[in-house]
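Dropping start.csv in here (CSV, C-alpha atoms and all ligand atoms):
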```
chain,number,residue,atom,x,y,z
A,139,MET,CA,-3.4,-22.0,-15.4
A,140,LEU,CA,-3.1,-21.0,-11.8
A,141,LEU,CA,0.3,-19.2,-11.5
A,142,PHE,CA,1.9,-20.2,-8.1
A,143,THR,CA,5.6,-19.6,-9.0
A,144,PRO,CA,7.6,-17.4,-6.6
A,145,GLY,CA,8.1,-14.8,-9.3
A,146,PRO,CA,6.7,-13.8,-11.6
A,147,THR,CA,3.5,-13.7,-9.5
A,148,PRO,CA,0.0,-13.1,-10.9
A,149,VAL,CA,-1.0,-9.5,-11.6
A,150,PRO,CA,-4.3,-8.7,-10.0
A,151,GLU,CA,-7.2,-7.6,-12.2
A,152,ASN,CA,-7.4,-4.1,-10.8
A,153,VAL,CA,-3.7,-3.6,-11.4
A,154,ARG,CA,-4.0,-4.8,-15.0
A,155,GLN,CA,-6.8,-2.4,-15.5
A,156,ALA,CA,-4.9,0.5,-14.0
A,157,MET,CA,-2.0,-0.2,-16.4
A,158,ALA,CA,-4.4,-0.5,-19.4
A,159,THR,CA,-5.2,3.3,-19.5
A,160,VAL,CA,-3.7,5.4,-22.3
A,161,SER,CA,0.0,6.3,-22.0
A,162,ILE,CA,0.8,9.6,-20.5
A,163,HIS,CA,4.0,11.6,-20.9
A,164,HIS,CA,6.4,11.3,-18.0
A,165,ARG,CA,7.3,15.1,-17.9
A,166,THR,CA,3.8,16.2,-16.9
A,167,PRO,CA,2.2,17.3,-13.7
A,168,GLU,CA,-0.2,14.4,-14.0
A,169,PHE,CA,2.6,11.8,-13.9
A,170,GLU,CA,4.6,13.7,-11.3
A,171,ALA,CA,1.6,13.5,-9.0
A,172,ILE,CA,1.4,9.7,-9.5
A,173,PHE,CA,5.2,9.5,-9.0
A,174,ARG,CA,5.0,11.5,-5.7
A,175,GLN,CA,2.2,9.3,-4.3
A,176,THR,CA,4.1,6.1,-5.3
A,177,ARG,CA,7.3,7.4,-3.8
A,178,GLU,CA,5.5,8.3,-0.5
A,179,GLY,CA,4.0,4.9,-0.4
A,180,LEU,CA,7.3,3.2,-0.9
A,181,LEU,CA,9.0,5.3,1.7
A,182,GLU,CA,6.4,4.2,4.2
A,183,LEU,CA,6.6,0.6,3.2
A,184,LEU,CA,10.4,0.3,3.1
A,185,ALA,CA,10.9,2.7,6.1
A,186,THR,CA,14.2,3.8,4.5
A,187,ASP,CA,15.6,7.4,4.3
A,188,GLU,CA,15.4,7.4,0.5
A,189,VAL,CA,13.9,5.3,-2.3
A,190,VAL,CA,14.8,5.1,-6.0
A,191,MET,CA,12.7,3.5,-8.7
A,192,LEU,CA,14.6,2.2,-11.8
A,193,ALA,CA,13.5,0.8,-15.1
A,194,SER,CA,15.3,-2.5,-14.9
A,195,THR,CA,14.8,-6.0,-13.4
A,196,GLY,CA,16.0,-6.7,-9.9
A,197,THR,CA,19.5,-7.5,-11.1
A,198,GLY,CA,19.9,-3.9,-12.3
A,199,ALA,CA,19.3,-2.7,-8.7
A,200,MET,CA,21.7,-5.3,-7.4
A,201,GLU,CA,24.3,-4.0,-9.8
A,202,ALA,CA,23.5,-0.4,-8.8
A,203,ALA,CA,23.9,-1.2,-5.2
A,204,VAL,CA,27.3,-2.9,-5.7
A,205,SER,CA,28.7,-0.3,-8.0
A,206,ASN,CA,27.7,2.7,-5.8
A,207,LEU,CA,28.3,1.3,-2.4
A,208,CYS,CA,31.4,-0.9,-2.8
A,209,HIS,CA,34.7,0.6,-3.9
A,210,HIS,CA,37.2,-2.1,-2.9
A,211,THR,CA,36.0,-5.6,-1.7
A,212,LEU,CA,32.6,-7.1,-1.5
A,213,LEU,CA,31.8,-9.8,1.0
A,214,ASN,CA,29.0,-11.8,-0.6
A,215,ILE,CA,26.9,-14.6,0.9
A,216,ASN,CA,26.4,-17.3,-1.6
A,217,ALA,CA,23.7,-19.9,-0.6
A,218,GLY,CA,22.1,-20.0,-4.1
A,219,LYS,CA,21.7,-18.5,-7.5
A,220,PHE,CA,21.1,-14.9,-6.3
A,221,GLY,CA,23.8,-14.8,-3.7
A,222,GLU,CA,26.2,-16.1,-6.4
A,223,ARG,CA,25.1,-13.2,-8.7
A,224,PHE,CA,26.3,-10.6,-6.2
A,225,GLY,CA,29.8,-12.1,-6.5
A,226,LYS,CA,29.6,-12.1,-10.3
A,227,ILE,CA,28.5,-8.5,-10.3
A,228,ALA,CA,31.5,-7.5,-8.1
A,229,VAL,CA,33.9,-9.3,-10.5
A,230,ALA,CA,32.3,-7.6,-13.5
A,231,MET,CA,32.7,-4.2,-11.8
A,232,GLY,CA,36.4,-4.9,-11.4
A,233,LEU,CA,36.0,-5.2,-7.6
A,234,GLU,CA,37.6,-7.8,-5.3
A,235,LYS,CA,35.3,-10.3,-3.7
A,236,VAL,CA,35.3,-12.5,-0.6
A,237,GLU,CA,32.6,-15.1,-0.9
A,238,LEU,CA,31.1,-17.2,1.9
A,239,CYS,CA,29.5,-20.3,0.4
A,240,TYR,CA,26.8,-22.3,2.0
A,241,ASP,CA,24.6,-25.3,1.0
A,242,TRP,CA,21.4,-23.9,-0.5
A,243,SER,CA,19.5,-25.1,2.5
A,244,THR,CA,21.7,-23.5,5.1
A,245,PRO,CA,21.5,-19.9,6.4
A,246,ALA,CA,24.7,-17.8,6.7
A,247,SER,CA,26.2,-17.6,10.2
A,248,VAL,CA,26.9,-14.3,11.9
A,249,GLU,CA,30.2,-15.7,13.3
A,250,GLU,CA,31.5,-16.6,9.9
A,251,VAL,CA,30.6,-13.2,8.5
A,252,MET,CA,32.5,-11.6,11.4
A,253,ALA,CA,35.5,-13.9,11.0
A,254,ALA,CA,35.7,-12.9,7.3
A,255,LEU,CA,35.6,-9.2,8.2
A,256,HIS,CA,38.4,-9.7,10.7
A,257,GLU,CA,40.5,-11.5,8.2
A,258,HIS,CA,39.9,-9.1,5.2
A,259,SER,CA,40.2,-5.5,6.4
A,260,ASP,CA,39.6,-4.2,2.8
A,261,ILE,CA,35.9,-5.4,2.8
A,262,ASP,CA,33.9,-2.2,2.4
A,263,ALA,CA,30.5,-3.7,1.6
A,264,ILE,CA,28.5,-6.9,2.3
A,265,ALA,CA,25.7,-8.2,0.1
A,266,VAL,CA,23.2,-10.9,1.2
A,267,GLN,CA,19.7,-12.0,0.3
A,268,ILE,CA,17.0,-11.7,2.9
A,269,CYS,CA,15.3,-14.6,1.2
A,270,GLU,CA,17.5,-16.6,-1.1
A,271,SER,CA,14.9,-17.7,-3.6
A,272,ALA,CA,17.0,-20.6,-5.0
A,273,GLY,CA,16.1,-22.7,-2.0
A,274,GLY,CA,13.4,-20.6,-0.2
A,275,LEU,CA,16.0,-19.9,2.5
A,276,ARG,CA,15.8,-17.1,5.1
A,277,HIS,CA,19.2,-15.6,6.0
A,278,PRO,CA,19.5,-13.9,9.5
A,279,VAL,CA,20.1,-10.5,7.7
A,280,GLU,CA,19.1,-8.3,10.6
A,281,GLU,CA,21.5,-10.0,12.9
A,282,ILE,CA,24.3,-9.9,10.3
A,283,ALA,CA,23.7,-6.2,9.6
A,284,ALA,CA,23.7,-5.3,13.3
A,285,ALA,CA,27.0,-7.2,13.9
A,286,VAL,CA,28.6,-5.7,10.8
A,287,LYS,CA,27.7,-2.1,11.9
A,288,ALA,CA,28.8,-2.7,15.5
A,289,PHE,CA,32.2,-3.8,14.0
A,290,ASN,CA,32.6,-1.0,11.5
A,291,PRO,CA,29.7,1.4,10.7
A,292,ASP,CA,31.5,2.4,7.4
A,293,ILE,CA,30.9,-1.1,5.9
A,294,MET,CA,27.9,-0.8,3.6
A,295,VAL,CA,25.2,-3.4,4.1
A,296,ILE,CA,23.3,-4.4,1.0
A,297,ALA,CA,20.2,-6.6,1.5
A,298,ASP,CA,18.5,-8.1,-1.5
A,299,GLY,CA,14.9,-8.0,-0.4
A,300,ILE,CA,13.4,-8.9,-3.8
A,301,THR,CA,11.5,-11.8,-2.2
A,302,ALA,CA,11.1,-10.2,1.3
A,303,ILE,CA,9.7,-6.7,0.7
A,304,GLY,CA,6.0,-6.9,0.9
A,305,VAL,CA,6.2,-10.3,2.5
A,306,GLU,CA,7.3,-9.5,6.1
A,307,ARG,CA,8.4,-6.4,8.0
A,308,ILE,CA,12.2,-5.9,7.7
A,309,ASP,CA,14.1,-3.9,10.3
A,310,VAL,CA,16.2,-1.7,8.2
A,311,SER,CA,18.0,0.1,11.1
A,312,HIS,CA,21.4,-1.4,10.1
A,313,ILE,CA,20.8,-1.8,6.4
A,314,ASP,CA,22.1,0.7,3.9
A,315,CYS,CA,20.5,-0.5,0.8
A,316,ILE,CA,17.4,-2.8,0.4
A,317,ILE,CA,16.4,-3.9,-3.0
A,318,ALA,CA,12.9,-4.9,-4.3
A,319,GLY,CA,11.7,-5.9,-7.7
A,320,SER,CA,8.3,-5.6,-9.4
A,321,GLN,CA,7.5,-9.2,-10.4
A,322,LYS,CA,7.6,-10.7,-6.9
A,323,ALA,CA,5.6,-9.5,-3.9
A,324,PHE,CA,4.6,-6.4,-5.8
A,325,MET,CA,2.5,-8.5,-8.1
A,326,LEU,CA,3.5,-6.5,-11.2
A,327,PRO,CA,5.0,-7.5,-14.5
A,328,PRO,CA,8.8,-7.5,-14.5
A,329,GLY,CA,10.8,-4.3,-15.4
A,330,LEU,CA,10.8,-2.1,-12.3
A,331,ALA,CA,13.4,-2.2,-9.6
A,332,ILE,CA,13.4,-0.3,-6.3
A,333,LEU,CA,16.2,0.6,-3.9
A,334,GLY,CA,15.7,1.8,-0.4
A,335,LEU,CA,18.7,3.7,0.8
A,336,SER,CA,20.1,5.0,4.2
A,337,SER,CA,21.6,8.5,4.5
A,338,ALA,CA,25.0,6.9,4.8
A,339,ALA,CA,24.5,5.1,1.5
A,340,ILE,CA,23.4,8.4,-0.2
A,341,GLY,CA,26.7,9.9,1.0
A,342,LYS,CA,28.7,7.3,-0.9
A,343,ILE,CA,26.7,7.5,-4.1
A,344,GLY,CA,28.1,9.3,-7.1
A,345,SER,CA,31.7,8.4,-6.8
A,346,GLY,CA,31.1,4.8,-8.1
A,347,ARG,CA,31.3,3.5,-11.7
A,348,GLY,CA,28.6,3.4,-14.4
A,349,TYR,CA,26.3,5.9,-15.9
A,350,TYR,CA,22.6,4.8,-15.8
A,351,PHE,CA,23.2,2.9,-12.6
A,352,ASN,CA,25.2,5.7,-11.0
A,353,LEU,CA,22.3,6.8,-8.8
A,354,ALA,CA,23.4,10.4,-8.0
A,355,SER,CA,21.3,12.1,-10.7
A,356,GLU,CA,18.4,9.7,-10.2
A,357,ILE,CA,18.2,10.6,-6.5
A,358,GLN,CA,18.3,14.3,-7.2
A,359,LYS,CA,15.5,14.0,-9.8
A,360,GLN,CA,13.3,11.6,-7.9
A,361,ARG,CA,13.3,13.9,-4.9
A,362,GLN,CA,11.6,16.3,-7.2
A,363,ASN,CA,9.1,13.6,-8.3
A,364,THR,CA,10.6,13.0,-11.7
A,365,THR,CA,13.3,10.8,-13.1
A,366,ALA,CA,16.7,11.3,-14.8
A,367,TYR,CA,15.7,9.2,-17.8
A,368,THR,CA,12.3,8.1,-19.1
A,369,ALA,CA,10.3,6.7,-16.2
A,370,ALA,CA,8.7,3.3,-16.4
A,371,THR,CA,5.3,5.1,-16.4
A,372,THR,CA,3.0,2.1,-16.9
A,373,LEU,CA,4.7,0.0,-14.1
A,374,ILE,CA,4.7,3.0,-11.7
A,375,ILE,CA,1.0,3.5,-12.3
A,376,GLY,CA,0.6,-0.2,-11.6
A,377,LEU,CA,2.7,0.1,-8.5
A,378,LEU,CA,0.6,2.9,-7.1
A,379,GLU,CA,-2.5,0.7,-7.6
A,380,VAL,CA,-0.7,-2.2,-5.8
A,381,LEU,CA,0.1,0.1,-2.8
A,382,GLU,CA,-3.5,1.2,-2.7
A,383,SER,CA,-4.7,-2.4,-2.9
A,384,ILE,CA,-2.5,-3.3,0.1
A,385,LYS,CA,-4.1,-0.4,2.0
A,386,ARG,CA,-7.6,-1.5,1.0
A,387,TYR,CA,-6.7,-5.0,2.2
A,388,GLY,CA,-6.0,-3.7,5.7
A,389,GLY,CA,-2.5,-2.4,5.4
A,390,ALA,CA,1.0,-4.0,5.2
A,391,GLY,CA,0.7,-5.2,8.8
A,392,LYS,CA,-2.3,-7.4,7.9
A,393,LEU,CA,-0.7,-8.6,4.7
A,394,TYR,CA,2.5,-9.7,6.7
A,395,CYS,CA,0.4,-11.4,9.3
A,396,ASP,CA,-1.8,-13.3,6.8
A,397,THR,CA,1.3,-14.2,4.7
A,398,ALA,CA,3.0,-15.7,7.8
A,399,ARG,CA,-0.1,-17.6,8.8
A,400,ARG,CA,-0.7,-18.9,5.3
A,401,ALA,CA,2.9,-20.0,4.8
A,402,LYS,CA,2.9,-21.8,8.1
A,403,ALA,CA,-0.4,-23.5,7.4
A,404,VAL,CA,0.8,-24.7,4.0
A,405,ARG,CA,4.0,-26.1,5.4
A,406,PHE,CA,2.0,-28.0,8.1
A,407,ALA,CA,-0.5,-29.3,5.5
A,408,LEU,CA,2.3,-30.6,3.2
A,409,GLU,CA,4.2,-32.2,6.1
A,410,ALA,CA,0.9,-33.9,7.1
A,411,ILE,CA,0.9,-35.7,3.7
A,412,GLY,CA,4.5,-36.8,4.1
A,413,LEU,CA,6.3,-34.0,2.3
A,414,HIS,CA,9.4,-32.3,3.7
A,415,SER,CA,10.5,-28.7,3.7
A,416,TYR,CA,13.9,-28.1,2.0
A,417,PRO,CA,15.5,-25.1,3.8
A,418,LYS,CA,16.7,-25.3,7.4
A,419,VAL,CA,15.1,-21.9,7.9
A,420,PRO,CA,12.2,-21.4,5.5
A,421,ALA,CA,11.5,-17.9,4.2
A,422,LYS,CA,7.8,-16.8,4.2
A,423,ALA,CA,7.9,-15.8,0.5
A,424,MET,CA,7.7,-19.4,-0.7
A,425,THR,CA,7.1,-23.0,0.4
A,426,THR,CA,10.0,-25.1,-0.8
A,427,ILE,CA,9.6,-28.9,-0.7
A,428,ALA,CA,12.5,-31.4,-1.3
A,429,ASP,CA,11.2,-34.5,-3.0
A,430,ALA,CA,12.6,-37.2,-5.3
A,431,ASP,CA,9.4,-37.0,-7.3
A,432,ALA,CA,9.5,-33.2,-7.7
A,433,THR,CA,9.4,-33.3,-11.5
A,434,ALA,CA,6.6,-35.8,-11.6
A,435,ILE,CA,4.6,-33.8,-9.1
A,436,ARG,CA,5.1,-30.6,-11.1
A,437,THR,CA,4.1,-32.3,-14.3
A,438,LEU,CA,0.9,-33.7,-12.8
A,439,LEU,CA,0.1,-30.3,-11.2
A,440,LYS,CA,0.4,-28.6,-14.6
A,441,GLU,CA,-1.1,-31.2,-16.9
A,442,GLU,CA,-3.9,-32.6,-14.7
A,443,PHE,CA,-4.8,-29.7,-12.6
A,444,GLY,CA,-3.7,-26.5,-14.3
A,445,VAL,CA,-1.4,-25.4,-11.5
A,446,SER,CA,2.1,-24.0,-12.1
A,447,VAL,CA,4.7,-24.1,-9.4
A,448,ALA,CA,8.5,-23.6,-9.8
A,449,GLY,CA,11.2,-26.3,-9.8
A,450,GLY,CA,14.8,-26.1,-8.7
A,451,GLN,CA,17.9,-24.9,-10.6
A,452,ASP,CA,21.4,-26.3,-11.0
A,453,HIS,CA,22.0,-29.2,-8.6
A,454,LEU,CA,18.5,-28.9,-7.2
A,455,LYS,CA,16.8,-29.4,-10.6
A,456,GLY,CA,14.3,-32.2,-10.2
A,457,LYS,CA,14.8,-32.3,-6.5
A,458,ILE,CA,12.7,-29.5,-5.1
A,459,PHE,CA,9.5,-27.6,-6.0
A,460,ARG,CA,8.6,-24.1,-4.8
A,461,ILE,CA,5.1,-22.7,-4.2
A,462,ASN,CA,4.6,-18.9,-4.1
A,463,GLN,CA,3.4,-17.1,-0.9
A,464,MET,CA,4.0,-13.6,-2.1
A,465,GLY,CA,1.3,-11.0,-2.8
A,466,LEU,CA,-2.4,-10.9,-2.1
A,467,ILE,CA,-3.2,-14.6,-2.4
A,468,ASP,CA,-6.8,-15.9,-2.4
A,469,LEU,CA,-7.3,-18.6,0.1
A,470,ASN,CA,-9.5,-20.7,-2.1
A,471,GLU,CA,-6.6,-20.8,-4.7
A,472,MET,CA,-4.1,-21.8,-2.0
A,473,VAL,CA,-6.3,-24.6,-0.7
A,474,TRP,CA,-6.9,-25.8,-4.3
A,475,VAL,CA,-3.1,-26.0,-4.8
A,476,LEU,CA,-2.7,-28.1,-1.7
A,477,ASN,CA,-5.6,-30.3,-2.7
A,478,CYS,CA,-3.9,-30.9,-6.2
A,479,ILE,CA,-0.6,-31.7,-4.6
A,480,GLU,CA,-2.4,-34.4,-2.5
A,481,LEU,CA,-4.2,-35.7,-5.6
A,482,SER,CA,-0.8,-35.9,-7.4
A,483,LEU,CA,0.7,-38.0,-4.6
A,484,ALA,CA,-2.3,-40.3,-4.9
A,485,LEU,CA,-1.8,-40.5,-8.7
A,486,LEU,CA,1.9,-41.4,-8.1
A,487,GLY,CA,0.7,-44.2,-5.7
A,488,ARG,CA,2.4,-42.6,-2.7
A,489,ARG,CA,-0.6,-42.4,-0.4
A,490,PRO,CA,-4.4,-42.7,-0.8
A,491,TYR,CA,-6.2,-39.4,-1.2
A,492,ASP,CA,-8.2,-38.4,2.0
A,493,ALA,CA,-8.2,-34.6,1.8
A,494,THR,CA,-5.8,-34.3,4.7
A,495,ALA,CA,-3.9,-31.4,3.1
A,496,SER,CA,-6.9,-29.1,2.9
A,497,ARG,CA,-8.2,-30.1,6.3
A,498,ILE,CA,-4.8,-29.4,8.0
A,499,PHE,CA,-4.5,-26.1,6.2
A,500,ASN,CA,-8.0,-25.0,7.3
A,501,GLU,CA,-7.5,-26.2,10.9
A,502,GLU,CA,-4.2,-24.4,11.2
A,503,TYR,CA,-5.1,-21.2,9.3
A,504,PHE,CA,-8.4,-20.8,11.1
A,505,LYS,CA,-7.5,-22.3,14.5
A,506,HIS,CA,-8.2,-19.1,16.4
A,507,LYS,CA,-11.8,-19.2,15.0
A,508,LEU,CA,-12.3,-23.0,15.4
A,509,SER,CA,-11.2,-23.1,19.0
A,510,PRO,CA,-11.6,-19.6,20.4
A,511,LYS,CA,-11.4,-20.7,24.0
A,512,GLU,CA,-7.8,-21.8,23.7
A,513,GLN,CA,-6.7,-18.3,22.6
B,601,LIG,C1,14.0,-12.7,-8.7
B,601,LIG,C2,15.1,-12.4,-7.8
B,601,LIG,C3,16.1,-11.4,-8.2
B,601,LIG,C4,16.1,-10.6,-9.5
B,601,LIG,O1,15.9,-11.2,-10.6
B,601,LIG,P1,15.6,-10.4,-11.9
B,601,LIG,O2,15.3,-11.5,-12.9
B,601,LIG,O3,16.7,-9.6,-12.3
B,601,LIG,O4,14.4,-9.6,-11.6
B,601,LIG,C5,17.1,-11.1,-7.3
B,601,LIG,N1,17.2,-11.7,-6.1
B,601,LIG,C6,16.3,-12.6,-5.7
B,601,LIG,C7,16.4,-13.1,-4.3
B,601,LIG,C8,15.2,-12.9,-6.5
B,601,LIG,O5,14.3,-13.8,-6.1
```

Final structure tokens representation of the file:
Amino acid sequence: MLLFTPGPTPVPENVRQAMATVSIHHRTPEFEAIFRQTREGLLELLATDEVVMLASTGTGAMEAAVSNLCHHTLLNINAGKFGERFGKIAVAMGLEKVELCYDWSTPASVEEVMAALHEHSDIDAIAVQICESAGGLRHPVEEIAAAVKAFNPDIMVIADGITAIGVERIDVSHIDCIIAGSQKAFMLPPGLAILGLSSAAIGKIGSGRGYYFNLASEIQKQRQNTTAYTAATTLIIGLLEVLESIKRYGGAGKLYCDTARRAKAVRFALEAIGLHSYPKVPAKAMTTIADADATAIRTLLKEEFGVSVAGGQDHLKGKIFRINQMGLIDLNEMVWVLNCIELSLALLGRRPYDATASRIFNEEYFKHKLSPKEQ
């Protein structure tokens, strides 16, 4: 089965091999050296003042961010499952919340965020997804963050970058906390969460609630290349191999560039066979298609062609399907997925098969090579 869901993503063979080595103890110079290299790689990739790795899924890092950086009222942007989760975390922490709700296809507006801040002077943190994975939507996080900081630099800006880190370059200059998770663009099994923190955020940490997720002791330990509690050794060994794979590929810049090109070419190819993109502003992490036959298409992809793509949740169940664009993706696999979607439409009697999807993908992706004079 070809796994093309936007999380979990396939774990590359070299990463699986790296994680298949014998277990080592976490309080040893050998592991500390691995930890140091991984930490340095993350600091470079995230470009934040500090990073913390936690043994938890991404939601644990979301909880850590809220409990450490919000003491009164959280403003959360809810345009899907993950934005809604920030609000639920605030309530579970006994915090007040102000929620800005959007249709799952619609990005948050900077003006509405600012209006909420003017109206509720007790808001001390804002939480937003960079890519809201529920609808494959890109929020204008950098613009929101800059506006919030211009209004009041003490308001903490929490950005859930779980489906954005490793996908595109994020300007973190106005972001206090950026969150990543192992099973998305990092191509690892689930279980490791990462927080990138600003110096201002570090200043706030320690006075919040919780024990494991109160990051003060973790930060202190991780600066010494160890962890407060048992490190997720296997996943960290895997993460180091992932960071090295990205370097061997040509670096993060090349990965971001190829991801953007591929995501765009996939969208063009699917539009050329009559399909429509769901979000008003699509994120690069996934291609999200709105279609009345979404369930039938997914079933054919799985049963006839051995391709697994994700569906929608809640009110979007049966109405959308989502194709992963995160990680190091082989072009031959990507073209095969497009080809199978086109074949599925033919099997559903929607249009005759004529290989348009793969042709458009190739023409768009390789246009600089196919018509070099136009460049
Ligand atoms: C996957 C995901 C999460 C975290 O989910 P976990 O299951 O806890 O790892 C959070 N935010 C976004 C945007 C996601 O895509």

Quiz item: Hey, which of A:Leu181, A:Cys478, A:Ile332, A:Ala430 ends up closest to ligand LIG 601 (chain B)? Count all atoms listed in the file.
Solution: A:Ile332

Exercise. Could you give me the residues within 8 Å of ligand LIG 601 (chain B), counting all atoms listed in the file, as a PyMOL selection string?
Key: chain A and resi 144-146+194-198+200+220-221+267-272+298-301+319-322+328-329+331

Contact table stretch 157-222 of chain A vs stretch 274-294 of chain A, cut-off 10 Å, shortest pair per residue, only C-alpha atoms, as a Markdown table:
```
| residue | atom | partner | partner_atom | distance |
| --- | --- | --- | --- | --- |
| A:Ala203 | CA | A:Met294 | CA | 9.7 |
| A:Val204 | CA | A:Met294 | CA | 9.6 |
| A:Leu207 | CA | A:Met294 | CA | 6.4 |
| A:Cys208 | CA | A:Met294 | CA | 7.3 |
| A:Leu212 | CA | A:Met294 | CA | 9.4 |
| A:Ile215 | CA | A:His277 | CA | 9.3 |
| A:Ala217 | CA | A:Leu275 | CA | 8.3 |
| A:Gly218 | CA | A:Leu275 | CA | 9.0 |
```

Residues near A:Glu356, anyone? I mean within 8 Å using all atoms listed in the file, not counting same-chain ones fewer than 2 positions away, as a PDB file with C-alpha atoms, in the frame of the given file.
```
ATOM      1  CA  VAL A 190      14.800   5.100  -6.000  1.00  0.00           C
ATOM      2  CA  ASN A 352      25.200   5.700 -11.000  1.00  0.00           C
ATOM      3  CA  LEU A 353      22.300   6.800  -8.800  1.00  0.00           C
ATOM      4  CA  ALA A 354      23.400  10.400  -8.000  1.00  0.00           C
ATOM      5  CA  GLN A 358      18.300  14.300  -7.200  1.00  0.00           C
ATOM      6  CA  LYS A 359      15.500  14.000  -9.800  1.00  0.00           C
ATOM      7  CA  GLN A 360      13.300  11.600  -7.900  1.00  0.00           C
ATOM      8  CA  THR A 365      13.300  10.800 -13.100  1.00  0.00           C
ATOM      9  CA  ALA A 366      16.700  11.300 -14.800  1.00  0.00           C
TER      10      ALA A 366
END
```

Exercise. Would you list the contacts of A:Gly444 as a ChimeraX atom specification, taking every protein, DNA or RNA residue within 9 Å and counting only C-alpha atoms, but skipping same-chain residues closer than 6 positions in sequence?
Key: /A:139-141,438

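Computed from the coordinates, the atom CA of A:Tyr503 to atom CA of A:Gly449 distance equals 25.6 Å.
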
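With only C-alpha atoms as the atoms that count, the residue of A:Phe459, A:Tyr491, A:Trp474, A:Tyr240 with the shortest distance to A:Val445 is A:Trp474.
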
Self-check item: Gap from atom CA of A:Ala448 to atom CA of A:Ala265 - Å, one decimal
Solution: 25.1 Å

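Checking A:Lys342, A:Arg436, A:Arg307, A:His453 one by one against A:Lys392, counting all atoms listed in the file, you find the shortest gap at A:Arg307.
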
Self-check item: Selected residue of minimal separation from A:Ser336 among A:Ser161, A:Ser415, A:Thr186, A:Ser482, counting only C-alpha atoms
Solution: A:Thr186

Quiz item: Counting only C-alpha atoms, what is within 12 Å of A:Arg154, bar same-chain residues fewer than 6 positions away, as a list of chain:residue names?
Solution: A:Pro148, A:Met325, A:Leu326, A:Pro327, A:Thr372, A:Leu373, A:Ile375, A:Gly376, A:Leu377, A:Leu378, A:Glu379, A:Val380

Quiz item: What does the distance between atom CA of A:Gly232 and atom CA of A:Glu201 come to in Å, to one decimal place?
Solution: 12.2 Å

Quiz item: Which one of A:Thr425, A:Ser446, A:Ser345, A:Gln451 sits closest to A:Leu413 if you count only C-alpha atoms?
Solution: A:Thr425

Quiz prompt | Given all atoms listed in the file as the counted atoms, nearest of A:Leu393, A:Ala318, A:Leu439, A:Leu184 to A:Leu486 | solution = A:Leu439

Practice problem: Please return, as number ranges by chain, all polymer residues that have at least one atom within 12 Å of the point (32.7, -17.7, 7.9); use all atoms listed in the file and the file's own coordinate frame. | Solution: A: 213-216, 236-240, 245-258, 282

Atoms to include: C-alpha atoms. Write the selected residues as a PDB file, keeping the file's coordinate frame.
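Output below, filename selection00.pdb:
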```pdb
ATOM      1  CA  LEU A 213      31.800  -9.800   1.000  1.00  0.00           C
ATOM      2  CA  ASN A 214      29.000 -11.800  -0.600  1.00  0.00           C
ATOM      3  CA  ILE A 215      26.900 -14.600   0.900  1.00  0.00           C
ATOM      4  CA  ASN A 216      26.400 -17.300  -1.600  1.00  0.00           C
ATOM      5  CA  VAL A 236      35.300 -12.500  -0.600  1.00  0.00           C
ATOM      6  CA  GLU A 237      32.600 -15.100  -0.900  1.00  0.00           C
ATOM      7  CA  LEU A 238      31.100 -17.200   1.900  1.00  0.00           C
ATOM      8  CA  CYS A 239      29.500 -20.300   0.400  1.00  0.00           C
ATOM      9  CA  TYR A 240      26.800 -22.300   2.000  1.00  0.00           C
ATOM     10  CA  PRO A 245      21.500 -19.900   6.400  1.00  0.00           C
ATOM     11  CA  ALA A 246      24.700 -17.800   6.700  1.00  0.00           C
ATOM     12  CA  SER A 247      26.200 -17.600  10.200  1.00  0.00           C
ATOM     13  CA  VAL A 248      26.900 -14.300  11.900  1.00  0.00           C
ATOM     14  CA  GLU A 249      30.200 -15.700  13.300  1.00  0.00           C
ATOM     15  CA  GLU A 250      31.500 -16.600   9.900  1.00  0.00           C
ATOM     16  CA  VAL A 251      30.600 -13.200   8.500  1.00  0.00           C
ATOM     17  CA  MET A 252      32.500 -11.600  11.400  1.00  0.00           C
ATOM     18  CA  ALA A 253      35.500 -13.900  11.000  1.00  0.00           C
ATOM     19  CA  ALA A 254      35.700 -12.900   7.300  1.00  0.00           C
ATOM     20  CA  LEU A 255      35.600  -9.200   8.200  1.00  0.00           C
ATOM     21  CA  HIS A 256      38.400  -9.700  10.700  1.00  0.00           C
ATOM     22  CA  GLU A 257      40.500 -11.500   8.200  1.00  0.00           C
ATOM     23  CA  HIS A 258      39.900  -9.100   5.200  1.00  0.00           C
ATOM     24  CA  ILE A 282      24.300  -9.900  10.300  1.00  0.00           C
TER      25      ILE A 282
END
```
